[in-house]
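Pasting query-v7.cif here (mmCIF, C-alpha atoms):
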```cif
data_work
loop_
_atom_site.label_atom_id
_atom_site.label_comp_id
_atom_site.auth_asym_id
_atom_site.auth_seq_id
_atom_site.Cartn_x
_atom_site.Cartn_y
_atom_site.Cartn_z
CA MET A 1290 0.30 -31.62 9.47
CA GLN A 1291 2.89 -30.24 11.86
CA VAL A 1292 5.70 -30.84 9.38
CA LEU A 1293 3.69 -29.42 6.45
CA THR A 1294 2.73 -26.33 8.45
CA ALA A 1295 6.31 -25.79 9.56
CA MET A 1296 7.42 -25.92 5.92
CA ILE A 1297 4.74 -23.41 4.86
CA LEU A 1298 5.61 -20.99 7.65
CA ALA A 1299 9.32 -21.38 6.86
CA ALA A 1300 8.58 -20.54 3.22
CA PHE A 1301 6.79 -17.32 4.21
CA VAL A 1302 9.60 -16.35 6.59
CA GLY A 1303 12.23 -17.18 3.96
CA TYR A 1304 10.45 -15.11 1.31
CA GLY A 1305 10.14 -12.15 3.67
CA GLY A 1306 13.77 -12.44 4.77
CA ALA A 1307 15.07 -12.63 1.20
CA TRP A 1308 12.94 -9.62 0.27
CA TYR A 1309 14.20 -7.63 3.27
CA MET A 1310 17.82 -8.45 2.41
CA GLY A 1311 17.29 -7.46 -1.22
CA LEU A 1312 17.88 -10.94 -2.61
CA LEU A 1313 14.60 -10.89 -4.51
CA GLU A 1314 11.93 -8.44 -5.59
CA GLY A 1315 8.99 -8.86 -3.23
CA ASN A 1316 5.28 -8.40 -3.85
CA PHE A 1317 3.46 -7.58 -0.63
CA ALA A 1318 -0.01 -7.74 -2.20
CA LEU A 1319 0.70 -11.27 -3.45
CA LEU A 1320 2.24 -12.28 -0.12
CA LEU A 1321 -0.80 -11.01 1.80
CA PHE A 1322 -3.18 -12.76 -0.61
CA LEU A 1323 -1.35 -16.08 -0.20
CA ALA A 1324 -1.29 -15.66 3.59
CA THR A 1325 -5.04 -15.03 3.56
CA LEU A 1326 -5.65 -18.07 1.36
CA VAL A 1327 -3.47 -20.43 3.41
CA THR A 1328 -4.72 -19.32 6.82
CA GLY A 1329 -8.30 -19.39 5.47
CA LEU A 1330 -7.91 -23.04 4.47
CA TYR A 1331 -6.56 -23.86 7.93
CA TRP A 1332 -9.42 -21.91 9.55
CA LEU A 1333 -11.98 -23.93 7.58
CA ALA A 1334 -10.19 -27.17 8.45
CA GLU A 1335 -10.16 -26.17 12.12
CA LYS A 1336 -13.83 -25.20 12.17
CA PHE A 1337 -15.20 -28.22 10.32
CA TYR A 1338 -12.67 -30.98 11.04
CA PHE A 1339 -10.03 -30.52 13.73
CA LEU A 1340 -12.18 -28.75 16.37
CA PRO A 1341 -15.11 -31.20 16.06
CA ARG A 1342 -12.62 -34.08 16.46
CA ARG A 1343 -11.12 -32.52 19.59
CA LYS A 1344 -14.59 -31.91 21.02
CA GLN A 1345 -15.56 -35.52 20.31
CA ALA A 1346 -12.36 -36.75 21.96
CA ALA A 1347 -13.13 -34.65 25.05
CA LEU A 1348 -16.69 -36.02 25.11
CA ASP A 1349 -15.43 -39.60 24.74
CA LEU A 1350 -13.02 -39.02 27.63
CA GLU A 1351 -15.87 -37.75 29.80
CA LYS A 1352 -18.02 -40.78 28.97
CA ALA A 1353 -15.14 -43.17 29.64
CA SER A 1354 -14.54 -41.47 32.97
CA GLU A 1355 -18.20 -41.81 33.93
CA LEU A 1356 -18.13 -45.53 33.09
CA ARG A 1357 -14.95 -45.97 35.13
CA LEU A 1358 -16.46 -44.16 38.11
CA ALA A 1359 -19.56 -46.34 37.89
CA GLU A 1360 -17.41 -49.51 37.89
CA LEU A 1361 -15.41 -48.27 40.86
CA LYS A 1362 -18.58 -47.38 42.74
CA LYS A 1363 -19.79 -50.95 42.32
CA MET A 1364 -16.52 -52.03 43.91
CA GLY A 1365 -17.16 -49.67 46.85
CA ILE A 1366 -14.59 -47.08 45.78
CA THR A 1367 -16.03 -43.61 45.93
CA GLN A 1368 -12.99 -41.39 46.51
CA VAL A 1369 -11.31 -40.90 43.12
CA ASP A 1370 -9.11 -38.01 41.94
CA GLN A 1371 -10.84 -36.01 39.20
CA VAL A 1372 -8.35 -35.32 36.40
CA VAL A 1373 -10.86 -35.29 33.56
CA PRO A 1374 -11.39 -31.48 33.38
CA ASP A 1375 -7.66 -30.83 32.97
CA ALA A 1376 -7.36 -33.59 30.40
CA GLN A 1377 -10.34 -32.22 28.46
CA ALA A 1378 -8.83 -28.74 28.48
CA ARG A 1379 -5.62 -30.13 27.00
CA LEU A 1380 -7.58 -32.03 24.35
CA LEU A 1381 -9.53 -28.91 23.32
CA MET A 1382 -6.44 -26.69 23.17
CA GLN A 1383 -5.34 -25.67 19.66
CA PRO A 1384 -1.95 -27.14 18.69
CA TRP A 1385 0.74 -24.60 17.79
CA TRP A 1386 0.44 -25.22 14.06
CA LEU A 1387 -3.27 -24.29 14.11
CA ASP A 1388 -2.71 -21.35 16.44
CA TRP A 1389 -0.21 -19.88 13.96
CA THR A 1390 -2.48 -20.41 10.95
CA ALA A 1391 -6.20 -20.65 11.67
CA GLY A 1392 -5.76 -18.44 14.73
CA LEU A 1393 -4.28 -15.63 12.64
CA PHE A 1394 -6.85 -15.81 9.84
CA PRO A 1395 -9.34 -13.22 11.23
CA VAL A 1396 -6.56 -10.62 11.61
CA ILE A 1397 -4.97 -11.37 8.23
CA VAL A 1398 -8.27 -11.34 6.31
CA ALA A 1399 -9.22 -8.02 7.96
CA VAL A 1400 -5.89 -6.46 6.92
CA PHE A 1401 -6.23 -7.93 3.42
CA LEU A 1402 -9.72 -6.51 2.86
CA LEU A 1403 -8.86 -3.12 4.39
CA ARG A 1404 -5.64 -2.76 2.39
CA SER A 1405 -7.07 -4.09 -0.87
CA PHE A 1406 -10.38 -2.25 -1.07
CA LEU A 1407 -10.42 0.67 1.40
CA PHE A 1408 -7.19 2.30 2.59
CA GLU A 1409 -3.52 1.43 2.24
CA PRO A 1410 -0.66 3.02 4.22
CA PHE A 1411 2.49 4.26 2.51
CA LYS A 1412 5.69 5.91 3.67
CA ILE A 1413 7.16 8.82 1.71
CA PRO A 1414 10.74 7.76 0.86
CA SER A 1415 12.01 10.79 -1.07
CA GLY A 1416 11.67 14.55 -1.34
CA SER A 1417 10.00 14.74 -4.77
CA MET A 1418 6.69 15.93 -3.24
CA ILE A 1419 8.15 18.55 -0.91
CA PRO A 1420 6.63 20.84 0.39
CA THR A 1421 3.29 18.97 0.27
CA LEU A 1422 4.75 15.73 1.63
CA LEU A 1423 8.00 15.37 3.52
CA VAL A 1424 10.38 12.42 3.79
CA GLY A 1425 9.09 10.17 6.57
CA ASP A 1426 5.42 11.12 6.26
CA LEU A 1427 3.18 8.10 6.73
CA ILE A 1428 0.16 8.59 4.51
CA LEU A 1429 -3.14 6.91 3.76
CA VAL A 1430 -4.27 6.15 0.21
CA ASN A 1431 -7.94 5.81 -0.74
CA LYS A 1432 -8.15 2.56 -2.75
CA PHE A 1433 -11.77 2.95 -3.96
CA HIS A 1434 -11.89 6.62 -5.02
CA TYR A 1435 -10.74 5.86 -8.58
CA GLY A 1436 -12.64 2.57 -8.70
CA VAL A 1437 -12.29 -0.73 -6.86
CA ARG A 1438 -9.60 -3.02 -8.25
CA LEU A 1439 -8.92 -6.70 -7.66
CA PRO A 1440 -5.84 -7.23 -5.48
CA VAL A 1441 -2.69 -8.59 -7.12
CA LEU A 1442 -4.25 -8.43 -10.62
CA ASN A 1443 -5.14 -4.71 -10.22
CA THR A 1444 -8.10 -5.20 -12.58
CA LYS A 1445 -10.73 -2.48 -12.18
CA ILE A 1446 -14.21 -3.80 -11.29
CA THR A 1447 -15.96 -0.45 -10.57
CA ASP A 1448 -15.51 2.88 -12.35
CA GLY A 1449 -15.19 5.28 -9.44
CA THR A 1450 -14.18 8.92 -9.98
CA PRO A 1451 -11.68 9.60 -12.79
CA PRO A 1452 -8.39 11.21 -11.67
CA GLN A 1453 -8.54 14.98 -11.73
CA ARG A 1454 -5.82 17.56 -12.27
CA GLY A 1455 -4.33 18.40 -8.90
CA ASP A 1456 -4.91 14.97 -7.31
CA VAL A 1457 -2.00 13.44 -5.42
CA MET A 1458 -1.93 9.90 -6.74
CA VAL A 1459 -0.06 6.70 -5.91
CA PHE A 1460 0.65 4.49 -8.90
CA ARG A 1461 2.86 1.66 -10.04
CA TYR A 1462 6.04 3.08 -11.56
CA PRO A 1463 5.72 2.36 -15.33
CA PRO A 1464 9.37 1.32 -15.93
CA LYS A 1465 9.19 -1.01 -12.89
CA PRO A 1466 5.59 -1.77 -11.82
CA SER A 1467 6.69 -3.52 -8.62
CA LEU A 1468 7.56 -0.06 -7.22
CA ASP A 1469 4.95 2.41 -6.00
CA TYR A 1470 5.42 6.10 -6.82
CA ILE A 1471 3.54 9.19 -5.68
CA LYS A 1472 3.16 12.36 -7.76
CA ARG A 1473 0.54 14.98 -8.63
CA VAL A 1474 -1.77 14.61 -11.62
CA VAL A 1475 -0.96 17.47 -14.00
CA GLY A 1476 -2.46 16.21 -17.24
CA VAL A 1477 -5.44 13.93 -17.91
CA PRO A 1478 -6.25 12.14 -21.20
CA GLY A 1479 -6.45 14.61 -24.09
CA ASP A 1480 -4.57 17.43 -22.33
CA GLU A 1481 -1.59 19.20 -23.81
CA VAL A 1482 0.86 19.83 -20.98
CA ALA A 1483 3.79 22.21 -21.41
CA TYR A 1484 6.49 22.88 -18.85
CA ILE A 1485 8.57 25.62 -20.43
CA ASN A 1486 11.10 27.68 -18.51
CA LYS A 1487 9.62 26.29 -15.30
CA ARG A 1488 6.11 27.56 -16.04
CA LEU A 1489 3.27 25.06 -16.36
CA THR A 1490 0.71 25.40 -19.14
CA VAL A 1491 -2.29 23.08 -19.64
CA ASN A 1492 -4.24 23.26 -22.90
CA GLY A 1493 -2.70 26.63 -23.72
CA LYS A 1494 -3.61 28.17 -20.34
CA VAL A 1495 -0.76 29.22 -18.09
CA ILE A 1496 -1.33 27.94 -14.55
CA ASP A 1497 -0.94 30.99 -12.35
CA THR A 1498 1.42 30.86 -9.40
CA THR A 1499 1.69 33.11 -6.37
CA ALA A 1500 5.04 33.65 -4.66
CA LEU A 1501 5.25 32.52 -1.03
CA PRO A 1502 8.03 32.90 1.53
CA ASP A 1503 11.03 30.69 0.73
CA PHE A 1504 10.89 27.12 1.99
CA PHE A 1505 13.73 25.87 4.21
CA ASP A 1506 14.64 22.26 3.47
CA GLU A 1507 16.05 20.84 6.72
CA ASP A 1508 17.62 17.86 4.95
CA GLN A 1509 19.61 19.99 2.50
CA MET A 1510 19.95 22.93 4.91
CA ARG A 1511 19.04 25.50 2.26
CA TYR A 1512 16.16 27.65 1.08
CA PHE A 1513 14.11 27.12 -2.08
CA LYS A 1514 11.68 29.42 -3.85
CA GLN A 1515 8.12 28.48 -2.94
CA PHE A 1516 4.94 29.15 -4.89
CA GLU A 1517 1.23 28.42 -4.65
CA GLU A 1518 -0.37 26.86 -7.71
CA LYS A 1519 -3.95 25.85 -8.41
CA LEU A 1520 -4.66 22.73 -10.43
CA GLY A 1521 -8.28 21.75 -10.10
CA ASP A 1522 -10.35 23.03 -7.16
CA LYS A 1523 -7.73 23.43 -4.42
CA PRO A 1524 -4.36 25.19 -4.36
CA HIS A 1525 -1.10 23.47 -3.47
CA ARG A 1526 2.47 24.54 -2.90
CA LEU A 1527 5.50 23.81 -5.06
CA LEU A 1528 9.22 24.49 -5.06
CA ASN A 1529 11.65 25.72 -7.73
CA ASP A 1530 15.43 25.54 -7.64
CA ASP A 1531 17.14 28.42 -9.47
CA ASP A 1532 20.31 26.38 -9.76
CA ARG A 1533 18.65 23.71 -11.91
CA PRO A 1534 18.06 24.32 -15.65
CA ALA A 1535 14.65 23.95 -17.30
CA PHE A 1536 16.11 21.45 -19.76
CA VAL A 1537 14.96 17.85 -19.17
CA GLN A 1538 18.13 15.80 -19.22
CA GLY A 1539 18.16 12.03 -19.73
CA ALA A 1540 14.54 11.35 -20.71
CA ASP A 1541 13.84 7.65 -21.30
CA ASP A 1542 12.53 6.03 -24.46
CA PHE A 1543 9.02 5.44 -23.06
CA ALA A 1544 5.68 4.45 -24.62
CA PHE A 1545 4.04 7.35 -26.53
CA ARG A 1546 7.30 9.31 -26.45
CA LYS A 1547 6.37 10.65 -29.88
CA ASN A 1548 3.66 12.65 -28.07
CA CYS A 1549 6.37 14.75 -26.38
CA GLN A 1550 8.67 17.41 -27.82
CA TYR A 1551 11.79 18.29 -25.86
CA SER A 1552 13.78 21.51 -26.12
CA VAL A 1553 16.30 23.47 -24.07
CA GLU A 1554 13.36 25.33 -22.49
CA GLY A 1555 11.53 22.19 -21.30
CA VAL A 1556 8.94 19.78 -22.68
CA VAL A 1557 5.49 19.75 -24.30
CA CYS A 1558 3.39 16.54 -24.18
CA LYS A 1559 0.00 15.50 -25.52
CA VAL A 1560 -1.50 13.05 -23.03
CA PRO A 1561 -2.80 9.89 -24.79
CA GLU A 1562 -6.15 8.27 -24.00
CA GLY A 1563 -6.05 6.20 -20.83
CA GLN A 1564 -2.81 7.86 -19.68
CA TYR A 1565 -1.87 10.56 -17.14
CA PHE A 1566 0.97 13.07 -16.91
CA MET A 1567 2.45 13.25 -13.40
CA MET A 1568 4.81 15.76 -11.77
CA GLY A 1569 6.29 16.18 -8.31
CA ASP A 1570 5.70 19.36 -6.33
CA ASN A 1571 9.46 19.66 -5.86
CA ARG A 1572 9.62 20.51 -9.54
CA ASP A 1573 13.39 20.58 -10.04
CA ASN A 1574 14.03 17.53 -7.87
CA SER A 1575 11.45 15.06 -9.14
CA LEU A 1576 11.84 12.09 -11.46
CA ASP A 1577 8.41 12.18 -13.09
CA SER A 1578 6.54 11.99 -16.41
CA ARG A 1579 8.99 14.42 -17.97
CA TYR A 1580 11.62 11.68 -17.73
CA TRP A 1581 9.84 8.30 -17.88
CA GLY A 1582 6.54 9.08 -19.57
CA PHE A 1583 2.86 8.64 -18.90
CA VAL A 1584 1.05 6.59 -16.25
CA PRO A 1585 -1.52 4.17 -17.70
CA ASP A 1586 -4.86 3.79 -15.95
CA LYS A 1587 -4.05 0.15 -15.11
CA ASN A 1588 -1.13 1.32 -12.92
CA ILE A 1589 -3.26 3.48 -10.62
CA VAL A 1590 -3.21 2.44 -6.95
CA GLY A 1591 -5.25 5.18 -5.28
CA LYS A 1592 -5.63 8.76 -4.15
CA ALA A 1593 -3.38 9.98 -1.34
CA PHE A 1594 -5.21 12.25 1.08
CA PHE A 1595 -4.00 12.11 4.70
CA VAL A 1596 -0.79 12.10 6.74
CA TRP A 1597 -1.53 9.85 9.70
CA MET A 1598 1.91 10.02 11.32
CA ASN A 1599 5.36 11.52 11.09
CA PHE A 1600 7.50 10.45 14.03
CA GLY A 1601 9.80 13.42 13.54
CA SER A 1602 6.99 16.01 13.56
CA LEU A 1603 3.54 15.24 14.94
CA LYS A 1604 2.20 18.54 13.57
CA ARG A 1605 2.41 16.96 10.12
CA ILE A 1606 -0.68 14.83 10.90
CA GLY A 1607 -3.70 15.88 8.85
CA ALA A 1608 -5.21 16.14 5.38
CA PHE A 1609 -3.35 17.76 2.48
CA ASN A 1610 -4.10 19.10 -1.01
#
```
In structure tokens, how does this file's structure come out?
Amino acid sequence: MQVLTAMILAAFVGYGGAWYMGLLEGNFALLLFLATLVTGLYWLAEKFYFLPRRKQAALDLEKASELRLAELKKMGITQVDQVVPDAQARLLMQPWWLDWTAGLFPVIVAVFLLRSFLFEPFKIPSGSMIPTLLVGDLILVNKFHYGVRLPVLNTKITDGTPPQRGDVMVFRYPPKPSLDYIKRVVGVPGDEVAYINKRLTVNGKVIDTTALPDFFDEDQMRYFKQFEEKLGDKPHRLLNDDDRPAFVQGADDFAFRKNCQYSVEGVVCKVPEGQYFMMGDNRDNSLDSRYWGFVPDKNIVGKAFFVWMNFGSLKRIGAFN
């Protein structure tokens, strides 16, 4: 078992190392599921096989010691060093290969259940959601709001609340589902979304914006025009860059592309059933549905709702719209 366990642990370490070095495309959900499965099997083996055997061995040692003491007493020897307690403690001790498997199972299964069905942490890697979310924000994503899904398979098993316009949603990037993206829901199934000359229209209604003081982007060391927009029940902020044209350049050939009409002024899309139109709040610096198309319901990960840490600015901690 020691050799087998060493090989299993080496496989996990090798997979993680290759992923970290970019030699392969990792899948953390699958890795965590396999870790839970493997450590769970070891935990069951420890509980129902290995631990009872160690306890029996310790009991047998105690009985053998009692018989030996009785024989020595018959021979008139009463002063004998007692080494049995130390020997029993060594017998009952978990070997390293169980300590690193069965011993880790409670922690791993707790993380697996929490991450799969309740809340999952993410780190914001880019500025596409500025000013709502900044690079380096560590956020929490509600995994059950839109319905509980089976881990790895991502199959929905409960309905939950359908995504609403204005939600900040994490989803699997349609062109490459192994990547997680975060954008704002702008269009739900059946909506006609138009982004013409940097003005958003949904179902023929222009979404009103209110000018705010310019936003200073510390990474680019420049100011951007900032507005407040209301999609759904709560307002949010967005940025526009006067130096960027409204024209959508380099749109991919995505599924349902025939539902979109592109022009020099922007794009108009009819959102298909079971699909969502997503945009970043940093409107002129966001690779979103304008470029790669719609997000299918099966790609939804969860609703982002809270910044739990930003090591560069603790004042970032809190809920957001």
With a distance cut-off of 12 Å and all atoms listed in the file, select the neighbouring residues of stretch 1431-1447 of chain A, excluding the residue or stretch itself and same-chain residues fewer than 6 positions from it, and output the selection as a PyMOL selection string. chain A and resi 1316-1323+1325+1401-1411+1453+1456-1461+1466-1467+1586-1595
What is the atom CA of A:Cys1558-atom CA of A:Val1482 distance in Å, reported with one decimal?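 Rounded to one decimal, the two atoms are 5.2 Å apart.
Counting only C-alpha atoms, the residue from A:Gly1569, A:Gly1311, A:Pro1534, A:Pro1414 that sits nearest to A:Glu1554 is A:Pro1534.
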Would you be able to write out as a list of chain:residue names which residues have an atom within 12 Å of (5.4, 13.2, 9.7) in the file's coordinates, counting all atoms listed in the file?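 Residues satisfying the cut-off, written out: A:Phe1411, A:Lys1412, A:Ile1413, A:Pro1414, A:Thr1421, A:Leu1422, A:Leu1423, A:Val1424, A:Gly1425, A:Asp1426, A:Leu1427, A:Ile1428, A:Phe1595, A:Val1596, A:Trp1597, A:Met1598, A:Asn1599, A:Phe1600, A:Gly1601, A:Ser1602, A:Leu1603, A:Lys1604, A:Arg1605, A:Ile1606, A:Gly1607, A:Ala1608.
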Near stretch 1298-1305 of chain A, 9 Å: stretch 1319-1393 of chain A residue rows, closest pairs, all atoms listed in the file, as a Markdown table:
```
| residue | atom | partner | partner_atom | distance |
| --- | --- | --- | --- | --- |
| A:Leu1320 | CA | A:Phe1301 | CA | 8.1 |
| A:Ala1324 | CA | A:Phe1301 | CA | 8.3 |
| A:Trp1389 | CA | A:Leu1298 | CA | 8.7 |
| A:Thr1390 | CA | A:Leu1298 | CA | 8.8 |
```
Residues in the PyMOL selection byres ((chain A and resi 1351) around 12), expressed as an MDAnalysis selection string: chainID A and resid 1344:1350 1352:1358 1371:1378 1380
Hey, what comes out of the PyMOL selection byres ((chain A and resi 1499) around 10) on this file? Could you write it as a list in words?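 The output of the PyMOL selection byres ((chain A and resi 1499) around 10) on this file is Asp1497, Thr1498, Ala1500, Leu1501, Gln1515, Phe1516, Glu1517, Glu1518, Lys1519 and Arg1526 of chain A.
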Suppose we keep C-alpha atoms; can you now write the selection as a PDB file, in the coordinates of the input?
```pdb
ATOM      1  CA  ASP A1497      -0.940  30.990 -12.350  1.00  0.00           C
ATOM      2  CA  THR A1498       1.420  30.860  -9.400  1.00  0.00           C
ATOM      3  CA  ALA A1500       5.040  33.650  -4.660  1.00  0.00           C
ATOM      4  CA  LEU A1501       5.250  32.520  -1.030  1.00  0.00           C
ATOM      5  CA  GLN A1515       8.120  28.480  -2.940  1.00  0.00           C
ATOM      6  CA  PHE A1516       4.940  29.150  -4.890  1.00  0.00           C
ATOM      7  CA  GLU A1517       1.230  28.420  -4.650  1.00  0.00           C
ATOM      8  CA  GLU A1518      -0.370  26.860  -7.710  1.00  0.00           C
ATOM      9  CA  LYS A1519      -3.950  25.850  -8.410  1.00  0.00           C
ATOM     10  CA  ARG A1526       2.470  24.540  -2.900  1.00  0.00           C
TER      11      ARG A1526
END
```
Apply the PyMOL selection byres ((chain A and resi 1385) around 12) to the structure shown and report the selected residues as a list in words.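 Taken over the shown coordinates, the PyMOL selection byres ((chain A and resi 1385) around 12) returns Met1290, Gln1291, Val1292, Thr1294, Ala1295, Leu1298, Met1382, Gln1383, Pro1384, Trp1386, Leu1387, Asp1388, Trp1389, Thr1390, Ala1391, Gly1392 and Leu1393 of chain A.
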Nearest residue to A:Pro1463 out of A:Ser1417, A:Asn1529, A:Gln1564, A:Asn1548, using all atoms listed in the file?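 Ranked by minimum distance to A:Pro1463, first place goes to A:Gln1564.
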So how far away is atom CA of A:Gly1539 from atom CA of A:Glu1481, in Å?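 These atoms are spaced 21.4 Å apart.
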Pairwise distance for atom CA of A:Leu1333 and atom CA of A:Gly1315, rounded to one decimal in Å: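 Distance reported for this atom pair: 28.0 Å.
For A:Gly1476, the residues within 10 Å (counting only C-alpha atoms, excluding itself and residues fewer than 2 positions away along the chain) are Pro1452, Gln1453, Arg1454, Gly1455, Arg1473, Val1474, Pro1478, Gly1479, Asp1480, Glu1481, Val1482, Ala1483, Thr1490, Val1491, Asn1492, Leu1520, Cys1558, Lys1559, Val1560, Pro1561, Gln1564, Tyr1565, Phe1566, Met1567, Met1568, Ser1578 and Phe1583 of chain A.
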Selected residue of minimal separation from A:Val1396 among A:Val1475, A:Tyr1338, A:Gly1329, A:Val1495, counting all atoms listed in the file: A:Gly1329
